[in-house]
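Colleague: Got a structure for you, questions after.
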Amino acid sequence: MRGRILVVDDDRLTRVALAHQLVLEGHEVRDVGNPVPALELLAEEPWDVVVTDLRMPTMDGLAFLHRIRETRLDTAVIVVTGHATVQSAVEAMKRGAEDYLIKPIDFDELSVRVDKIMARRTLERELRLLRRCPDRYHALVGRSPAMRHVFERIEVLADHGSTLLIRGETGTGKDLVARTLHHVGGRSGGPFVKISCAVLSREVLESELFGHEAGAFTGALRQRRGRFELAHRGTLFLDEVDDIPPDLQVKLLQVLEERRFERVGGERTIEVDVRFICATKRDLAALVKEGRFREDLYYRINVVALALPPLRERREDILLLADCFLAARADALGRAHPELSPEACRVLLDYAWPGNVRELENAMERALALSSAPVITADDLPPTVTGGESKNGCEACLATRDSLELKAFLAGAEREAIGWALKRTGGSQSKAAQLLGIPRTTLRDRLAALFGEEPATTP
Ligand SMILES: Nc1ncnc2c1ncn2[C@@H]1O[C@H](COP(=O)(O)OP(=O)(O)O)[C@@H](O)[C@H]1O
Ligand SMILES: [Mg+2]
């Protein structure tokens, strides 16, 4: 793991050689010739490791060590010393230095010691996060009864071989739950393969799923294995399963029933051992009624269903998640964890979160990017979330553009209108649709379009 390392030595050659070596190992390094500027740097920014000479003219090494401990208790110190003064290195260890090296420095030895420290720090960081977020199940965070129930269901369902359908609005964690199911279950040694059925054309989706033989169609230059094969002995996650075109629905049904298929343009039957997890943000039963989704496939997929509640129906999780996202992000940036001001908490709790956990995660990331203060205030939250200042969104959108992109402008306004309506109706989609004067199905489609996932990359 890459660390931030400060090298302190009055001997320029040693210092530069040390720094150079550590840079080669991929670390971010600063080097200074005496302890006074070093202490200033330590006060300003977090450092993982200080490598310091013990004998320097301006300040005694042990006194320096003492000052480092005062400024940054969590920074590890490696002292460097000559043969003649090993005794002082031992003394330094007693006073909290992590390790020592004897001159002339063996660079391999140096990297081993630094790696060891970095590995331990990574572990400690994870533990700190865990302690900060005790309400979790693997990567999933939540303390609401609804999420606790989801955790219990995952525990039970992970080892089931049966096909499973995860339902939930966009951003409720369908992806993360699918991955957790895989990792907790007996297939964790095998691959986890994901494909989103929404972004691909019918032809591409078919060959992505089934694979193809060379020459099966124009452009199929060589044979290619599909996702069914790639997921052998593992889990295949079919995201946005409602978007599969009708004729592929038939083919998928066959695979689900027989665990056998042929590649596009191929004759050989291939057998696979795959667990299928499907996900949808739509109401599949309604799609079946409308004739847009095959009933037989629906029953095959919906053997076991897991519903993820929208964030507005589990308000106990909002601040917990917000805090975890802040902590994780701040940690990644090497910054101290900021707190949320009481006003910011109130705003977060009041908002309807149509984009669910993903929207909350983005809001926290944005707040950290905007503010380096130890407290995140309501002003650091997106205007969509704080409400009221609906002009701001438009103004910001206009200010950053040389030409007026009507589409982006309108999307911003639409997002705010929908957010407002959902807030007014306590999150009821049908009432919000009434307020906005649009059919409920339109609202659901607009929600998906405006708050949905970033366009998935074509695999
Ligand atoms: N319960 C949760 N705990 C922690 N992070 C979560 C949770 N639910 C969702 N997330 C995070 O929110 C984002 C959106 O989740 P995702 O699984 O992609 O949602 P979906 O697939 O339902 O649109 C991801 O970054 C995910 O890691
Ligand atoms: Mg998803």
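Starting from 1 in every chain, residues are counted up; chains themselves are A, B, ... following the order of the structure tokens, and ligands are numbered from 1 as listed.
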Residues up to 12 Å from ligand 2, counting only C-alpha atoms and all ligand atoms: could you list those as a PDB file with C-alpha atoms, in the first residue's frame?

Modeller:
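Final output, part01.pdb:
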ATOM      1  CA  ILE A 166     -33.746  -8.746  -5.990  1.00  0.00           C
ATOM      2  CA  ARG A 167     -36.266  -5.941  -6.231  1.00  0.00           C
ATOM      3  CA  GLY A 168     -35.641  -2.362  -5.276  1.00  0.00           C
ATOM      4  CA  GLU A 169     -35.589   1.172  -6.580  1.00  0.00           C
ATOM      5  CA  THR A 170     -32.443   2.469  -8.163  1.00  0.00           C
ATOM      6  CA  GLY A 171     -29.604   2.955  -5.686  1.00  0.00           C
ATOM      7  CA  THR A 172     -31.059   0.746  -2.936  1.00  0.00           C
ATOM      8  CA  GLY A 173     -28.106  -1.625  -3.045  1.00  0.00           C
ATOM      9  CA  LYS A 174     -29.190  -4.416  -5.393  1.00  0.00           C
ATOM     10  CA  ASP A 175     -25.727  -4.737  -6.836  1.00  0.00           C
ATOM     11  CA  LEU A 176     -24.052  -4.787  -3.454  1.00  0.00           C
ATOM     12  CA  VAL A 177     -26.531  -7.345  -2.107  1.00  0.00           C
ATOM     13  CA  ALA A 178     -25.928  -9.622  -5.106  1.00  0.00           C
ATOM     14  CA  ARG A 179     -22.179  -9.459  -4.501  1.00  0.00           C
ATOM     15  CA  LYS A 194     -22.435  -9.281 -13.832  1.00  0.00           C
ATOM     16  CA  ILE A 195     -24.271  -8.170 -16.914  1.00  0.00           C
ATOM     17  CA  SER A 196     -26.741  -5.350 -17.256  1.00  0.00           C
ATOM     18  CA  CYS A 197     -29.471  -6.232 -19.710  1.00  0.00           C
ATOM     19  CA  ALA A 198     -30.494  -2.601 -20.167  1.00  0.00           C
ATOM     20  CA  PHE A 237     -25.947 -11.459 -11.833  1.00  0.00           C
ATOM     21  CA  LEU A 238     -28.487 -10.358 -14.445  1.00  0.00           C
ATOM     22  CA  ASP A 239     -29.148  -6.717 -13.665  1.00  0.00           C
ATOM     23  CA  GLU A 240     -32.182  -4.894 -15.129  1.00  0.00           C
ATOM     24  CA  VAL A 241     -33.573  -8.264 -16.122  1.00  0.00           C
ATOM     25  CA  CYS A 278     -31.614 -11.264 -11.140  1.00  0.00           C
ATOM     26  CA  ALA A 279     -32.415  -7.684 -10.261  1.00  0.00           C
ATOM     27  CA  THR A 280     -35.045  -5.219 -11.319  1.00  0.00           C
ATOM     28  CA  LYS A 281     -36.228  -1.792 -10.276  1.00  0.00           C
ATOM     29  CA  LEU A 308     -34.774  -3.826  -0.734  1.00  0.00           C
ATOM     30  CA  GLY A 355     -31.907   8.162  -5.790  1.00  0.00           C
ATOM     31  CA  ASN A 356     -31.604   6.251  -2.485  1.00  0.00           C
ATOM     32  CA  VAL A 357     -28.226   5.198  -1.075  1.00  0.00           C
ATOM     33  CA  ARG A 358     -26.367   6.106  -4.258  1.00  0.00           C
ATOM     34  CA  ALA A 448     -35.001   5.881 -13.180  1.00  0.00           C
ATOM     35  CA  PHE A 451     -31.591   9.362 -10.602  1.00  0.00           C
ATOM     36  CA  GLY A 452     -30.639   6.059 -12.178  1.00  0.00           C
ATOM     37  CA  GLU A 453     -27.250   4.535 -12.441  1.00  0.00           C
ATOM     38  CA  GLU A 454     -24.479   6.072 -14.414  1.00  0.00           C
ATOM     39  CA  PRO A 455     -24.511   4.507 -17.883  1.00  0.00           C
ATOM     40  CA  ALA A 456     -23.009   1.073 -17.440  1.00  0.00           C
TER      41      ALA A 456
END

Colleague: Name all residues at most 6 Å from Ala344 in chain A (count only C-alpha atoms; drop same-chain ones fewer than 3 positions away) and give them as a list in words.

Modeller: Leu340, Ser341, Val347, Thr377 and Ala378 of chain A

Colleague: Quick check for you: according to DSSP on this backbone, which residues of range 107-303 of chain A are classed as alpha helix (DSSP H)? Reply as a PyMOL selection string.

Modeller: chain A and resi 107-132+145-157+174-184+202-210+227-230+246-258+284-289+295-301

Colleague: Fewer than 3 positions away in the same chain doesn't count, so skip those; otherwise give me all residues within 9 Å of range 217-229 of chain A, counting only C-alpha atoms, as a list in words.

Modeller: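 The contact residues come out as Val193, Lys194, Ile195, Glu206, Ser207, Glu208, Leu209, Phe210, Gly211, His212, Glu213, Ala214, His232, Leu236, Val255, Phe261, Arg263, Val264, Gly265, Ile270, Glu271, Val272, Asp273 and Val274 of chain A.
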
Colleague: List every residue of range 148-370 of chain A that DSSP, applied to the backbone of this structure, assigns to strand (DSSP E or B), and report them as a PyMOL selection string.

Modeller: chain A and resi 164-167+192-196+211-212+224-225+235-239+260-262+264+269-271+275-280+304-307+339-340

Colleague: Could you jot down the CA of Asp53 in chain A to CA of Ala119 in chain A separation for me, Å, one decimal place?

Modeller: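 Distance between the two atoms: 23.3 Å.
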
Colleague: Give me the residues near Phe325 in chain A as an mmCIF file with all heavy atoms, in the first residue's frame, where near means some atom within 12 Å (using only C-alpha atoms) and where sequence neighbours in that chain fewer than 4 positions away do not count.

Modeller:
data_model
loop_
_atom_site.group_PDB
_atom_site.id
_atom_site.type_symbol
_atom_site.label_atom_id
_atom_site.label_comp_id
_atom_site.auth_asym_id
_atom_site.auth_seq_id
_atom_site.Cartn_x
_atom_site.Cartn_y
_atom_site.Cartn_z
ATOM 1 N N LEU A 129 -12.829 1.771 10.936
ATOM 2 C CA LEU A 129 -14.075 1.968 10.191
ATOM 3 C C LEU A 129 -15.157 1.034 10.706
ATOM 4 O O LEU A 129 -16.302 1.408 10.880
ATOM 5 C CB LEU A 129 -13.843 1.687 8.707
ATOM 6 C CG LEU A 129 -13.318 2.856 7.893
ATOM 7 C CD1 LEU A 129 -13.121 2.428 6.451
ATOM 8 C CD2 LEU A 129 -14.296 4.013 7.966
ATOM 9 N N ARG A 132 -16.453 2.179 13.885
ATOM 10 C CA ARG A 132 -17.314 3.329 13.652
ATOM 11 C C ARG A 132 -18.661 2.886 13.095
ATOM 12 O O ARG A 132 -19.663 3.540 13.289
ATOM 13 C CB ARG A 132 -16.623 4.232 12.633
ATOM 14 C CG ARG A 132 -16.768 5.686 12.927
ATOM 15 C CD ARG A 132 -15.974 6.456 11.905
ATOM 16 N NE ARG A 132 -16.681 7.641 11.500
ATOM 17 C CZ ARG A 132 -16.685 8.762 12.190
ATOM 18 N NH1 ARG A 132 -16.021 8.835 13.315
ATOM 19 N NH2 ARG A 132 -17.343 9.813 11.774
ATOM 20 N N CYS A 133 -18.660 1.811 12.362
ATOM 21 C CA CYS A 133 -19.888 1.315 11.749
ATOM 22 C C CYS A 133 -20.157 -0.101 12.223
ATOM 23 O O CYS A 133 -19.960 -1.049 11.483
ATOM 24 C CB CYS A 133 -19.767 1.295 10.235
ATOM 25 S SG CYS A 133 -19.411 2.865 9.501
ATOM 26 N N ALA A 139 -20.175 -5.857 3.548
ATOM 27 C CA ALA A 139 -20.045 -4.471 3.075
ATOM 28 C C ALA A 139 -21.332 -3.668 3.260
ATOM 29 O O ALA A 139 -21.355 -2.467 3.011
ATOM 30 C CB ALA A 139 -19.631 -4.469 1.603
ATOM 31 N N LEU A 140 -22.388 -4.329 3.697
ATOM 32 C CA LEU A 140 -23.683 -3.642 3.812
ATOM 33 C C LEU A 140 -23.836 -2.969 5.167
ATOM 34 O O LEU A 140 -23.585 -3.584 6.201
ATOM 35 C CB LEU A 140 -24.818 -4.646 3.630
ATOM 36 C CG LEU A 140 -25.015 -5.180 2.218
ATOM 37 C CD1 LEU A 140 -25.813 -6.478 2.261
ATOM 38 C CD2 LEU A 140 -25.716 -4.138 1.358
ATOM 39 N N VAL A 141 -24.270 -1.733 5.134
ATOM 40 C CA VAL A 141 -24.458 -0.982 6.362
ATOM 41 C C VAL A 141 -25.941 -0.771 6.590
ATOM 42 O O VAL A 141 -26.675 -0.488 5.646
ATOM 43 C CB VAL A 141 -23.752 0.385 6.245
ATOM 44 C CG1 VAL A 141 -24.046 1.246 7.463
ATOM 45 C CG2 VAL A 141 -22.259 0.189 6.065
ATOM 46 N N ASP A 317 -31.345 4.545 8.924
ATOM 47 C CA ASP A 317 -30.084 4.244 8.243
ATOM 48 C C ASP A 317 -29.424 5.472 7.626
ATOM 49 O O ASP A 317 -28.251 5.429 7.259
ATOM 50 C CB ASP A 317 -30.322 3.207 7.130
ATOM 51 C CG ASP A 317 -30.690 1.846 7.695
ATOM 52 O OD1 ASP A 317 -30.437 1.622 8.892
ATOM 53 O OD2 ASP A 317 -31.231 1.019 6.949
ATOM 54 N N ILE A 318 -30.184 6.560 7.487
ATOM 55 C CA ILE A 318 -29.666 7.697 6.717
ATOM 56 C C ILE A 318 -28.381 8.262 7.321
ATOM 57 O O ILE A 318 -27.345 8.344 6.644
ATOM 58 C CB ILE A 318 -30.738 8.803 6.585
ATOM 59 C CG1 ILE A 318 -31.901 8.287 5.740
ATOM 60 C CG2 ILE A 318 -30.140 10.065 5.956
ATOM 61 C CD1 ILE A 318 -33.055 9.272 5.593
ATOM 62 N N LEU A 319 -28.427 8.628 8.600
ATOM 63 C CA LEU A 319 -27.247 9.261 9.209
ATOM 64 C C LEU A 319 -26.100 8.269 9.372
ATOM 65 O O LEU A 319 -24.934 8.614 9.210
ATOM 66 C CB LEU A 319 -27.608 9.897 10.548
ATOM 67 C CG LEU A 319 -28.607 11.048 10.451
ATOM 68 C CD1 LEU A 319 -28.874 11.638 11.836
ATOM 69 C CD2 LEU A 319 -28.134 12.127 9.488
ATOM 70 N N LEU A 320 -26.479 7.025 9.669
ATOM 71 C CA LEU A 320 -25.458 5.989 9.789
ATOM 72 C C LEU A 320 -24.695 5.832 8.472
ATOM 73 O O LEU A 320 -23.460 5.834 8.432
ATOM 74 C CB LEU A 320 -26.139 4.672 10.161
ATOM 75 C CG LEU A 320 -25.274 3.425 10.215
ATOM 76 C CD1 LEU A 320 -24.351 3.481 11.413
ATOM 77 C CD2 LEU A 320 -26.140 2.167 10.283
ATOM 78 N N LEU A 321 -25.441 5.719 7.378
ATOM 79 C CA LEU A 321 -24.809 5.588 6.058
ATOM 80 C C LEU A 321 -24.000 6.842 5.728
ATOM 81 O O LEU A 321 -22.867 6.756 5.253
ATOM 82 C CB LEU A 321 -25.873 5.370 4.980
ATOM 83 C CG LEU A 321 -26.416 3.944 4.860
ATOM 84 C CD1 LEU A 321 -27.733 3.937 4.092
ATOM 85 C CD2 LEU A 321 -25.398 3.032 4.165
ATOM 86 N N ARG A 329 -14.583 7.935 2.863
ATOM 87 C CA ARG A 329 -14.044 8.851 1.855
ATOM 88 C C ARG A 329 -12.906 9.691 2.462
ATOM 89 O O ARG A 329 -11.867 9.873 1.847
ATOM 90 C CB ARG A 329 -15.191 9.738 1.374
ATOM 91 C CG ARG A 329 -14.879 10.602 0.225
ATOM 92 C CD ARG A 329 -15.043 9.856 -1.088
ATOM 93 N NE ARG A 329 -14.456 10.638 -2.151
ATOM 94 C CZ ARG A 329 -13.639 10.161 -3.063
ATOM 95 N NH1 ARG A 329 -13.339 8.887 -3.070
ATOM 96 N NH2 ARG A 329 -13.143 10.939 -3.980
ATOM 97 N N ALA A 330 -13.132 10.186 3.673
ATOM 98 C CA ALA A 330 -12.108 11.006 4.324
ATOM 99 C C ALA A 330 -10.846 10.173 4.546
ATOM 100 O O ALA A 330 -9.733 10.630 4.335
ATOM 101 C CB ALA A 330 -12.628 11.549 5.656
ATOM 102 N N ASP A 331 -11.055 8.924 4.949
ATOM 103 C CA ASP A 331 -9.923 8.028 5.162
ATOM 104 C C ASP A 331 -9.120 7.837 3.883
ATOM 105 O O ASP A 331 -7.899 7.876 3.885
ATOM 106 C CB ASP A 331 -10.442 6.678 5.646
ATOM 107 C CG ASP A 331 -9.906 6.365 7.013
ATOM 108 O OD1 ASP A 331 -10.287 7.091 7.941
ATOM 109 O OD2 ASP A 331 -9.093 5.432 7.118
ATOM 110 N N ALA A 332 -9.834 7.638 2.794
ATOM 111 C CA ALA A 332 -9.158 7.435 1.510
ATOM 112 C C ALA A 332 -8.360 8.675 1.126
ATOM 113 O O ALA A 332 -7.329 8.584 0.464
ATOM 114 C CB ALA A 332 -10.186 7.103 0.424
ATOM 115 N N HIS A 337 -11.966 12.603 9.917
ATOM 116 C CA HIS A 337 -13.384 12.413 9.631
ATOM 117 C C HIS A 337 -14.174 13.626 10.063
ATOM 118 O O HIS A 337 -14.186 13.951 11.236
ATOM 119 C CB HIS A 337 -13.931 11.200 10.388
ATOM 120 C CG HIS A 337 -13.170 9.955 10.109
ATOM 121 N ND1 HIS A 337 -13.325 8.815 10.838
ATOM 122 C CD2 HIS A 337 -12.242 9.686 9.190
ATOM 123 C CE1 HIS A 337 -12.514 7.875 10.379
ATOM 124 N NE2 HIS A 337 -11.841 8.400 9.373
ATOM 125 N N PRO A 338 -14.880 14.276 9.128
ATOM 126 C CA PRO A 338 -15.697 15.406 9.553
ATOM 127 C C PRO A 338 -16.999 14.924 10.185
ATOM 128 O O PRO A 338 -17.436 13.798 9.945
ATOM 129 C CB PRO A 338 -15.974 16.154 8.242
ATOM 130 C CG PRO A 338 -15.769 15.158 7.172
ATOM 131 C CD PRO A 338 -14.927 14.052 7.688
ATOM 132 N N GLU A 339 -17.588 15.804 10.977
ATOM 133 C CA GLU A 339 -18.890 15.513 11.572
ATOM 134 C C GLU A 339 -19.968 16.208 10.753
ATOM 135 O O GLU A 339 -19.677 17.143 10.006
ATOM 136 C CB GLU A 339 -18.952 16.097 12.988
ATOM 137 C CG GLU A 339 -17.859 15.655 13.917
ATOM 138 C CD GLU A 339 -18.201 14.341 14.572
ATOM 139 O OE1 GLU A 339 -19.381 14.160 14.902
ATOM 140 O OE2 GLU A 339 -17.301 13.502 14.712
ATOM 141 N N LEU A 340 -21.214 15.774 10.925
ATOM 142 C CA LEU A 340 -22.332 16.474 10.296
ATOM 143 C C LEU A 340 -22.928 17.445 11.311
ATOM 144 O O LEU A 340 -23.136 17.079 12.472
ATOM 145 C CB LEU A 340 -23.403 15.473 9.873
ATOM 146 C CG LEU A 340 -23.057 14.579 8.680
ATOM 147 C CD1 LEU A 340 -23.935 13.333 8.675
ATOM 148 C CD2 LEU A 340 -23.206 15.343 7.368
ATOM 149 N N VAL A 357 -29.556 5.178 -1.689
ATOM 150 C CA VAL A 357 -28.226 5.198 -1.075
ATOM 151 C C VAL A 357 -27.179 5.803 -2.020
ATOM 152 O O VAL A 357 -26.267 6.506 -1.591
ATOM 153 C CB VAL A 357 -27.799 3.778 -0.648
ATOM 154 C CG1 VAL A 357 -26.482 3.819 0.095
ATOM 155 C CG2 VAL A 357 -28.864 3.148 0.221
ATOM 156 N N ARG A 358 -27.341 5.553 -3.321
ATOM 157 C CA ARG A 358 -26.367 6.106 -4.258
ATOM 158 C C ARG A 358 -26.382 7.634 -4.214
ATOM 159 O O ARG A 358 -25.336 8.273 -4.208
ATOM 160 C CB ARG A 358 -26.647 5.629 -5.682
ATOM 161 C CG ARG A 358 -25.652 6.239 -6.684
ATOM 162 C CD ARG A 358 -25.841 5.790 -8.106
ATOM 163 N NE ARG A 358 -25.634 4.352 -8.239
ATOM 164 C CZ ARG A 358 -26.585 3.485 -8.469
ATOM 165 N NH1 ARG A 358 -27.836 3.905 -8.594
ATOM 166 N NH2 ARG A 358 -26.324 2.216 -8.583
ATOM 167 N N GLU A 359 -27.576 8.203 -4.137
ATOM 168 C CA GLU A 359 -27.681 9.663 -4.094
ATOM 169 C C GLU A 359 -27.053 10.205 -2.808
ATOM 170 O O GLU A 359 -26.366 11.229 -2.822
ATOM 171 C CB GLU A 359 -29.154 10.068 -4.194
ATOM 172 C CG GLU A 359 -29.338 11.548 -4.466
ATOM 173 C CD GLU A 359 -30.802 11.986 -4.439
ATOM 174 O OE1 GLU A 359 -31.689 11.155 -4.144
ATOM 175 O OE2 GLU A 359 -31.047 13.175 -4.710
ATOM 176 N N LEU A 360 -27.268 9.481 -1.703
ATOM 177 C CA LEU A 360 -26.675 9.900 -0.435
ATOM 178 C C LEU A 360 -25.149 9.818 -0.500
ATOM 179 O O LEU A 360 -24.430 10.721 -0.038
ATOM 180 C CB LEU A 360 -27.213 9.006 0.692
ATOM 181 C CG LEU A 360 -26.653 9.233 2.095
ATOM 182 C CD1 LEU A 360 -26.943 10.636 2.583
ATOM 183 C CD2 LEU A 360 -27.229 8.217 3.086
ATOM 184 N N GLU A 361 -24.660 8.744 -1.079
ATOM 185 C CA GLU A 361 -23.208 8.570 -1.211
ATOM 186 C C GLU A 361 -22.610 9.724 -2.038
ATOM 187 O O GLU A 361 -21.599 10.314 -1.667
ATOM 188 C CB GLU A 361 -22.920 7.224 -1.886
ATOM 189 C CG GLU A 361 -21.458 6.838 -1.889
ATOM 190 C CD GLU A 361 -21.235 5.426 -2.436
ATOM 191 O OE1 GLU A 361 -22.141 4.865 -3.097
ATOM 192 O OE2 GLU A 361 -20.144 4.881 -2.222
ATOM 193 N N ASN A 362 -23.280 10.050 -3.148
ATOM 194 C CA ASN A 362 -22.799 11.154 -3.989
ATOM 195 C C ASN A 362 -22.831 12.482 -3.235
ATOM 196 O O ASN A 362 -21.925 13.303 -3.376
ATOM 197 C CB ASN A 362 -23.641 11.265 -5.263
ATOM 198 C CG ASN A 362 -23.409 10.084 -6.188
ATOM 199 O OD1 ASN A 362 -22.420 9.375 -6.061
ATOM 200 N ND2 ASN A 362 -24.326 9.854 -7.103
ATOM 201 N N ALA A 363 -23.886 12.679 -2.444
ATOM 202 C CA ALA A 363 -24.000 13.942 -1.704
ATOM 203 C C ALA A 363 -22.853 14.084 -0.705
ATOM 204 O O ALA A 363 -22.295 15.168 -0.526
ATOM 205 C CB ALA A 363 -25.350 14.007 -0.986
ATOM 206 N N MET A 364 -22.468 12.953 -0.057
ATOM 207 C CA MET A 364 -21.385 13.008 0.921
ATOM 208 C C MET A 364 -20.045 13.249 0.233
ATOM 209 O O MET A 364 -19.189 13.990 0.719
ATOM 210 C CB MET A 364 -21.327 11.708 1.732
ATOM 211 C CG MET A 364 -22.490 11.523 2.675
ATOM 212 S SD MET A 364 -22.667 12.899 3.826
ATOM 213 C CE MET A 364 -24.092 13.711 3.177
ATOM 214 N N GLU A 365 -19.883 12.643 -0.920
ATOM 215 C CA GLU A 365 -18.649 12.838 -1.660
ATOM 216 C C GLU A 365 -18.522 14.293 -2.098
ATOM 217 O O GLU A 365 -17.465 14.911 -2.001
ATOM 218 C CB GLU A 365 -18.653 11.926 -2.886
ATOM 219 C CG GLU A 365 -17.297 11.371 -3.204
ATOM 220 C CD GLU A 365 -17.395 10.254 -4.221
ATOM 221 O OE1 GLU A 365 -17.679 9.114 -3.819
ATOM 222 O OE2 GLU A 365 -17.198 10.552 -5.399
ATOM 223 N N ARG A 366 -19.637 14.846 -2.543
ATOM 224 C CA ARG A 366 -19.654 16.237 -2.983
ATOM 225 C C ARG A 366 -19.327 17.163 -1.797
ATOM 226 O O ARG A 366 -18.535 18.093 -1.921
ATOM 227 C CB ARG A 366 -21.041 16.544 -3.540
ATOM 228 C CG ARG A 366 -21.238 17.972 -4.000
ATOM 229 C CD ARG A 366 -22.689 18.130 -4.452
ATOM 230 N NE ARG A 366 -22.982 19.456 -4.946
ATOM 231 C CZ ARG A 366 -23.310 20.478 -4.168
ATOM 232 N NH1 ARG A 366 -23.352 20.333 -2.866
ATOM 233 N NH2 ARG A 366 -23.581 21.653 -4.708
ATOM 234 N N ALA A 367 -19.926 16.868 -0.640
ATOM 235 C CA ALA A 367 -19.700 17.719 0.531
ATOM 236 C C ALA A 367 -18.224 17.729 0.907
ATOM 237 O O ALA A 367 -17.652 18.775 1.212
ATOM 238 C CB ALA A 367 -20.551 17.221 1.698
ATOM 239 N N LEU A 368 -17.601 16.558 0.853
ATOM 240 C CA LEU A 368 -16.179 16.482 1.204
ATOM 241 C C LEU A 368 -15.310 17.226 0.194
ATOM 242 O O LEU A 368 -14.271 17.787 0.537
ATOM 243 C CB LEU A 368 -15.731 15.030 1.263
ATOM 244 C CG LEU A 368 -15.770 14.382 2.628
ATOM 245 C CD1 LEU A 368 -15.196 12.990 2.550
ATOM 246 C CD2 LEU A 368 -14.978 15.200 3.632
#

Colleague: Which residue, A:Asp108, A:Glu44, A:Asp323, A:Asp350, has the smallest gap to ligand 1 when you use only C-alpha atoms and all ligand atoms?

Modeller: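 That would be A:Asp323, the residue with the smallest distance to ligand 1.
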
Colleague: Using only C-alpha atoms, determine which residues lie at most 10 Å from range 429-446 of chain A, disregarding the query and same-chain residues fewer than 4 positions distant; provide the list as a PyMOL selection string.

Modeller: chain A and resi 169+281-282+354+411+414-415+417-425+450-452

Colleague: Quick one: pull the distance between CA of Met118 in chain A and CA of Ile105 in chain A, Å, one decimal.

Modeller: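 Straight-line distance from CA of Met118 in chain A to CA of Ile105 in chain A works out to 19.4 Å.
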
Colleague: Restricting the calculation to only C-alpha atoms, which member of A:Leu164, A:Leu370, A:Cys345, A:Ala97 is positioned closest to Arg275 in chain A?

Modeller: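 With only C-alpha atoms as the atom set, the closest residue is A:Leu164.
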
Colleague: List the spatial neighbours of Met1 in chain A as a PyMOL selection string - criterion: any atom at most 10 Å away, only C-alpha atoms, same-chain residues fewer than 5 positions off excluded.

Modeller: chain A and resi 25-27+114-119+121-122

Colleague: Between A:Leu306, A:Ala352, A:Ala158, A:Ile102, single out the one closest to ligand 1, counting only C-alpha atoms and all ligand atoms.

Modeller: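 Nearest candidate to ligand 1 out of A:Leu306, A:Ala352, A:Ala158, A:Ile102: A:Leu306.
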